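K.L.:
Here it is: the structure, laid out below.
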Amino acid sequence: MDEEPSPGGSRFLLGMVAGAALVWAIFGRKFEIPGPWSPSREVALPRGDVPARSAADLNAPARNASAVGYERVLEGIRNGKLPQLSREQVEAYLESKDRSTASLICAFRLTKDLAYLREAVNADGTDPAAQLELALRGETPDERSSALEVFRQLKPDNPIGDYLAAQRDLAAGDYGRAAAALFDSIEKGPLADYGKEAMAGAEEAFTQAGYEPLAAKLAAFGAMDAMAVQNLAAVGRGAGDLLNVFIAQGDIDAAAPTFEAGRSLGQRLQGEDQMLIHQLTGISLERSFVEQLDPLTVIGPSGQTAGERLVSLQTSLNEIKDLTKDATGLMKMNREDFETYFEIASSKGELEALRWYRAQRPAGK
């Protein structure tokens, strides 16, 4: 199989195309897609159903609504300057929103000042987005763990709580609790990390600070980070390590659902509306589990075999590679097309935006 692309070396809009996510590429971020975990010995799980469980320059305040255009933002990015808001601009945004929970989360994302996030949690302890943010970014393990448990109570159907609990318990060496959290994740609903909501808030904050709409959208993409997906990638690797433990112990009743939990995490990250960095991570994680099996092993209720699933994953990866080959041309789009591209990326995901972009290009060019 071809090796999956490395986001750390890709810059879609700056001329180097290797398959990383647009937001990370355009802002020159670094992120490592997790490589496959190594099984301690050959994995030979039963076919069929899963058995029962066992165990800067852009900071100046704007003077009017069009003071900062998207050309200025792009030029700053080309020179290595990410768009940012000053403390005064952030405070003005908060006051305009009466320091709502959502605006305080946004202020934290823009400044990395935990005081804003703690204010949000103290003001409304029932807001799941604030609790999840603190679970991911709290200063101490105790602060993160306490917020995580509140989040799990508020959103018991969101598997991200189980994944983060498994990560915490694996780090503490409590394999039993980690396995239980992973098992709990299998039958739950879609994974939500509230990243799109945070990006929408950032876009609003930049707009209020005097950025024109397209500039604000671009700046909001720059305010994103990979904290959630980095943690989920670590969970996937941890699930692989835990699977090794159960296999070494001969505990197939525990190994099978652990395998399924790790694989389902990869699948959840591959949703069509996800950012490419999520999709690429999901493909890598799922493939690292599935490729350990005999190709004829049935791995799902549809009767799909491990070999067939690997072909499907490679097809998805090939499409991303193909679509990003000509992504350097994005910088040549006119303003209207550039705005449409970002609108699609925001609402339907980067993959769909790249499909749209490919459809706009003359055949063979």
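Letters A, B, ... go to the chains of the structure tokens in the order shown; residues in each chain start at 1; ligands are counted from 1 in the same order.
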So that I can see what lies close to Lys217 of chain A, please list as a PyMOL selection string the residues with an atom at most 9 Å from it, counting only C-alpha atoms and leaving out residues fewer than 5 positions away in the same chain.
P.N.:
chain A and resi 70+199-200+202-204+206-207+211-212+222+339+342-343+346
K.L.:
Suppose we keep C-alpha atoms; can you now write the selection as a compact mmCIF listing (two decimals), in the first residue's frame?
P.N.:
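Wrote it out as out-v5.txt, contents follow:
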# COMPACT_ATOMS: atom_id res chain seq x y z
CA TYR A 70 -8.68 39.10 3.04
CA MET A 199 -14.69 28.49 14.64
CA ALA A 200 -18.00 30.26 14.03
CA ALA A 202 -13.98 33.22 16.19
CA GLU A 203 -15.27 34.36 12.80
CA GLU A 204 -17.82 36.57 14.55
CA PHE A 206 -12.89 38.90 13.88
CA THR A 207 -15.81 40.43 12.02
CA TYR A 211 -12.29 42.20 9.42
CA GLU A 212 -14.33 41.93 6.26
CA GLY A 222 -6.21 30.20 11.58
CA GLU A 339 -15.41 32.71 -0.71
CA PHE A 342 -14.42 28.45 2.29
CA GLU A 343 -18.20 28.41 2.69
CA SER A 346 -17.03 25.37 6.71
K.L.:
So, with only C-alpha atoms as the atoms that count, which of A:Glu187, A:Glu88, A:Asp127, A:Glu308 lies closest to Ala205 of chain A?
P.N.:
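For Ala205 of chain A, the nearest of the candidates is A:Glu88.
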K.L.:
Enumerate, as JSON, numbers by chain, the complete set of residues in segment 143-347 of chain A that a backbone-based DSSP assignment places in alpha helix (DSSP H).
P.N.:
{"A": [143, 144, 145, 146, 147, 148, 149, 150, 151, 152, 153, 154, 159, 160, 161, 162, 163, 164, 165, 166, 167, 168, 169, 170, 171, 175, 176, 177, 178, 179, 180, 181, 182, 183, 184, 185, 195, 196, 197, 198, 199, 200, 201, 202, 203, 204, 205, 206, 207, 208, 213, 214, 215, 216, 217, 218, 219, 220, 221, 222, 227, 228, 229, 230, 231, 232, 233, 234, 235, 236, 237, 238, 239, 240, 241, 242, 243, 244, 245, 246, 247, 248, 252, 253, 254, 255, 256, 257, 258, 259, 260, 261, 262, 263, 264, 265, 266, 267, 268, 276, 277, 278, 279, 280, 281, 282, 283, 284, 285, 286, 287, 288, 289, 290, 306, 307, 308, 309, 310, 311, 312, 313, 314, 315, 316, 317, 318, 319, 320, 321, 322, 323, 324, 335, 336, 337, 338, 339, 340, 341, 342, 343, 344, 345, 346, 347]}
K.L.:
For Arg118 of chain A, find every residue with an atom within 9 Å (counting only C-alpha atoms), except residues of its own chain fewer than 5 positions away, and show them as a PyMOL selection string.
P.N.:
chain A and resi 104+123+130+134+138
K.L.:
Suppose you want the space between atom CA of Phe108 of chain A and atom CA of Gly69 of chain A; what is it in Å?
P.N.:
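It comes out at 24.3 Å.
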K.L.:
Neighbours of Thr111 of chain A within 12 Å (only C-alpha atoms; same-chain residues fewer than 5 positions away dropped), as a PyMOL selection string?
P.N.:
chain A and resi 83-91+104-106+116-117+202+223-224
K.L.:
Just checking: using only C-alpha atoms, which residue out of A:Ser100, A:Arg168, A:Ser347, A:Asp157 ends up closest to Asp142 of chain A?
P.N.:
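Checking each candidate against Asp142 of chain A, we get A:Arg168 as the closest.
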K.L.:
Mind pulling up the distance from atom CA of Leu164 of chain A to atom CA of Gln304 of chain A?
P.N.:
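A separation of 29.1 Å between them.
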